[in-house]
Amino acid sequence: MTLVERGAQLADLDHHLAAAVAGAGRLVVVGGEAGVGKTVLVQRFAADSDDLRVLWAACDGFSTPHPLGPLDDLGVSSEGTQREVFAAALDTLGGGPTLAVIEDVHWADEATLDLLLYLGRRLDRTRTLLVATYRDDEIGVDHPLRVVLGEVDEARRVTVRPLSIEGVRTLAAGSEVDPVELCRLTGGNPFFVTEVLAAGDTGVPSSITDAVLARVAPLGAEARAVLDAAAVAGGDLSLLERVLGERPLGLDECLAAGVLRSAAGGVAFRHELARQAVEEALDPVGRVDLHARALAALRGSSDLARLAHHAEQARDVEAVLEYAPAAAKRASKLGGHREAAEQYARALRFSDRLPPESVAKLLESRAYQCYLTEQVDEALAAQTEALELYRAAGNRLKEGDMLRWISRSQYRAAQMDEARASARTAISMLEEHRPGVELALAYAHMAQCAQVDLDFESALQWGERAIALSTDLGFETLLVDPTITVGIVEAIAGMGTARLHRGLELALDHGTDDCVGRAYGGLAFAAVRRKDGPAAEQWLAAGIEHTAERDLDNRRLYLLGWRAALALQQGRWGDAAADATTVLNHPHARLTRVWALLALAALRARVGDPDVWPLLDEVAELTGGEAPQKRLPALIIRAEAAYLEGDVDRARAELGTVPVSELLDRWIAGTLAVWRRRVGCERSETGSIPEPFELELAGESVEAAEWWEGHGCPYDTAMSLAQSDEESDLRRSYDAFRALGARPGAAIVARKLRKLGARGVPRGPRGATRDDPAGLTRREREVLALLGEGRTNAQIASRLVISEKTVGHHVSSILRKLGVRSRYDAAKLAAQDRELAQPT
Amino acid sequence: MPRYLVERTFSEGLGIPTSEDGARSCLSVVENNAERSVTWLHSYVTEDRRKTFCVYDGPSPEAIRRTAARNGLPVDSITPIRVLDPYFYFYGP
């Protein structure tokens, strides 16, 4: 077929191939609408690169695809665990200069998408160009392929667009069709254009389907039978023979007419759009019959997903119940949890005559797969149905265990109250029985919920129960979760990290990769919190390596957020910004965004950059439903940002009134206490807090600063020094802020110095507001003075030549800042205290 | 894409020769910017050449700072801005 208007795309691919062969392997995606010629483009490109090893694979458009189907085409075995299979794929692709193509990845199963992510992150060490084609008009914002595309650089995306009128004219040369009309009706889609031209009629059909059907209409009965069979069962020759029950006599006619083309092992439709058109045109009875024959012909094959598909289309209940659950298990093993959930749903559609316990098992399996793929509502629906079945059967143990699952899903869906209630019911139900695995799991779940809620006492209590019961039962795998949970709580409470270390060991020996990631996360978080730089770096590095190797994105993003926080503490602004930005640009980061948002907001506030509040408002939105204790880290940063902007009132308001002495996390408690002091709150009981905070509160800001300096925290050093009243300390603080590029901090210290009468301090902007004893602006001072003279808003407005509405704003701001209720009180104050009314 | 006003101070004074070297240094700024999807629109420079006010399009203040570091340019402050011109109200709703 002639290739028209594809020079730029071929040149792009050439460029990427040259770079790959030179040692910078990569994943390149080729996007475009169906029929726009992605395959033709890549085929031409491959033909021009015939001195290379070329590997070719495709995803198929079955309703539920075969997990890792493309690997079969690439000659990689999909036996083994996901990690083994992926490593084998990288080995195969990475062996010498290679062009590998995977077509139609918009249909890829979840495991194949994971594989693309895996390869995309590792090909740079190979000499392989991997090209993945996809339909860019068929992937919505939440399509799973988006995650893969999100990691592909703009420069590595090739877009294939429909033809221009000139392109259509070139293809239509020699035909009687009017190219302008043809271009208008086909939208320049090359497949559509060639179908119309091949049908040979002068009229242009209104859709691609019509064009395809017009083209196949003249075929004889035998050819049509072959075509129908191929549309249902695919183009494998021996399979076609078995489905048709005879030699495919009409095959030559199909090939001659150009509706099928030769392909490896048999024939193929010229395009998937053509296959769909033919399949959709089948009469219902004929379709069921063809699927039944395809099912019979394929029995014994290892392609369980395909067997399940034909079984469902053939309405063969027994076969569906045999193949769909088997296909689900296989998909799940390879990490294709989305497909597994769909296969279980398929089995459930045919489960009317199964005994209730079997249905409940299918529901449970489906729910678990849904849970793993964040389809929480679907998981809850299946679990609730299973719960009813177990309840009706009087199986209390399963009912209790199901309730624990429901609680987990409810937590994931942020239905906190419901989740707590379900967990409690589950435990009381399970405690009726001899204590077993179910109860141990329920205790561990309860502990983890309490830890997430920052209800530390309960977390410790439930955690210890889970550990004790798991030890009695003798299952070490059961110990992993509760040990990490209790370890995290102990670390937060300042009770050391011995238990968390034990949790990590257990996880490495008996736990899942995800548990290991959680333990690293806890250790890294605890080290950053207690300002232990070297330990933090060690745990962050180990955790990020572990999670990156296993593509545990959520855990990795959490660790990156804390690495940003560490860099922020150490005054490495650029590193902090880079890590935070990586997290925030990730399409699937949700709650993990919080730590990155806080680090970036603090960074912007400290260097005086704009757009601090949108970040903090997003944090407030993400953590809206959480307990006040949990929002404290965010509130402290809000207060710091307000303080640096000169709005001390707001800073004070943000810090709230949570009693410091009641907080279990002593680092948060200490930070909260010093900030309250810095913004002029009254001193209150703090309980024991870490040394630097204790020192600053005791007025020993120089010693506090020394502590910070000794722990590699330059910004905190400057901030503690800024609390001193000695000129020499303040000068040191000023220089330290300047050295960090922290302009707002420097400006605050400069004003303090000038107040002390120090000379040679550069004057910062907007000094007036911050020097005002009540924090009033110059304009507010003017308004207050006029209020003191008993004037109305209208009079003030005309006097100051501003609108009455603006005067209203000023008045309410003045009332807030002076802490009085009425303009009358303010006027009285202004009259009494002439100094207060004096414009500065 | 947000727009920012970037203020810079050059204590030694800004010197871009009106020669090929000057053109090259301007182009290298433009290239470095493109890698972070930051676009330099134009700048105003004070008569003593010690201060510039530069208008930039960029995804975030961090991106502006990173390209500045790459280009070896100082940053005093970054302020988000919008266009306002004398005909603004004629386009109002």
# chains A, B, ... in the order shown; residues from 1 in each chain; ligands from 1
call {"tool": "select_by_dssp", "arguments": {"residues": "range 572-659 of chain A", "states": "alpha helix (DSSP H)", "output": "PyMOL selection string"}}
result
chain A and resi 573-585+593-607+613-622+628-644+648-655
call {"tool": "write_last_selection", "arguments": {"atoms": "C-alpha atoms", "output": "compact mmCIF listing (two decimals), in the first residue's frame"}}
result
# COMPACT_ATOMS: atom_id res chain seq x y z
CA TRP A 573 15.84 23.54 47.86
CA GLY A 574 16.52 22.24 44.34
CA ASP A 575 16.47 18.59 45.42
CA ALA A 576 13.32 19.15 47.46
CA ALA A 577 11.59 20.76 44.48
CA ALA A 578 12.66 17.97 42.12
CA ASP A 579 11.34 15.12 44.32
CA ALA A 580 8.12 16.92 45.19
CA THR A 581 7.49 17.68 41.51
CA THR A 582 8.03 14.02 40.55
CA VAL A 583 5.34 12.98 43.01
CA LEU A 584 2.92 15.71 41.98
CA ASN A 585 3.29 14.91 38.27
CA ARG A 593 0.52 13.79 47.29
CA VAL A 594 0.08 15.22 50.77
CA TRP A 595 3.74 15.05 51.87
CA ALA A 596 5.00 16.35 48.55
CA LEU A 597 2.48 19.21 48.59
CA LEU A 598 3.54 20.18 52.12
CA ALA A 599 7.24 20.09 51.26
CA LEU A 600 6.72 22.21 48.15
CA ALA A 601 4.44 24.68 49.95
CA ALA A 602 6.99 25.13 52.74
CA LEU A 603 9.73 25.57 50.16
CA ARG A 604 7.82 28.27 48.26
CA ALA A 605 6.93 30.08 51.47
CA ARG A 606 10.53 30.03 52.69
CA VAL A 607 12.10 31.36 49.48
CA TRP A 613 -1.83 28.55 49.21
CA PRO A 614 -3.22 26.51 46.30
CA LEU A 615 -0.91 23.67 47.42
CA LEU A 616 -2.01 23.98 51.03
CA ASP A 617 -5.65 24.16 50.03
CA GLU A 618 -5.26 20.93 48.08
CA VAL A 619 -3.84 19.30 51.22
CA ALA A 620 -6.86 20.53 53.17
CA GLU A 621 -9.12 19.01 50.54
CA LEU A 622 -7.28 15.67 50.53
CA PRO A 628 -7.68 17.31 63.76
CA GLN A 629 -4.49 15.67 65.07
CA LYS A 630 -3.81 14.35 61.63
CA ARG A 631 -4.07 17.77 60.04
CA LEU A 632 -1.52 19.34 62.39
CA PRO A 633 1.54 19.02 60.11
CA ALA A 634 -0.41 20.91 57.44
CA LEU A 635 -1.71 23.51 59.89
CA ILE A 636 1.83 24.22 61.12
CA ILE A 637 3.00 24.87 57.57
CA ARG A 638 -0.02 27.09 56.94
CA ALA A 639 0.91 29.06 60.03
CA GLU A 640 4.52 29.33 58.91
CA ALA A 641 3.44 30.54 55.46
CA ALA A 642 1.11 33.16 56.96
CA TYR A 643 3.83 34.28 59.37
CA LEU A 644 6.34 34.69 56.53
CA VAL A 648 0.62 36.94 62.27
CA ASP A 649 -3.10 36.88 63.11
CA ARG A 650 -3.75 34.32 60.49
CA ALA A 651 -0.75 32.28 61.63
CA ARG A 652 -2.14 32.27 65.16
CA ALA A 653 -5.58 31.22 63.93
CA GLU A 654 -4.12 28.37 61.84
CA LEU A 655 -2.31 26.93 64.85
call {"tool": "residues_around", "arguments": {"residues": "Leu14 in chain B", "least_positions_apart": "3", "cutoff": "9 Å", "atoms": "only C-alpha atoms", "output": "ChimeraX atom specification"}}
result
/B:9-11,45,48-52
call {"tool": "interface_residues", "arguments": {"of": "chain B", "to": "chain A", "cutoff": "7 Å", "atoms": "only C-alpha atoms", "output": "list in words"}}
result
Pro61, Glu62, Ser77, Ile78, Thr79 and Pro80 of chain B
call {"tool": "write_last_selection", "arguments": {"atoms": "C-alpha atoms", "output": "PDB file, in the first residue's frame"}}
result
ATOM      1  CA  PRO B  61       7.992  28.808  40.212  1.00  0.00           C
ATOM      2  CA  GLU B  62      10.393  25.848  40.628  1.00  0.00           C
ATOM      3  CA  SER B  77      11.478  37.408  43.226  1.00  0.00           C
ATOM      4  CA  ILE B  78       8.859  35.641  41.176  1.00  0.00           C
ATOM      5  CA  THR B  79       5.378  37.143  40.965  1.00  0.00           C
ATOM      6  CA  PRO B  80       2.403  35.599  39.133  1.00  0.00           C
TER       7      PRO B  80
END
call {"tool": "residues_around", "arguments": {"residues": "range 538-543 of chain A", "least_positions_apart": "3", "cutoff": "9 Å", "atoms": "only C-alpha atoms", "output": "NGL selection string"}}
result
:A and (516-521 or 523-525 or 527 or 533-535 or 546-548 or 555-556 or 559-560 or 562-563)
call {"tool": "closest_residue", "arguments": {"among": "B:Gly58, B:Leu84, B:Leu73, B:Ala68", "to": "Tyr4 in chain B", "atoms": "only C-alpha atoms"}}
result
B:Gly58
call {"tool": "residues_around", "arguments": {"residues": "Phe737 in chain A", "least_positions_apart": "4", "cutoff": "12 Å", "atoms": "only C-alpha atoms", "output": "ChimeraX atom specification"}}
result
/A:571,606-608,714-722,730-733,741-750
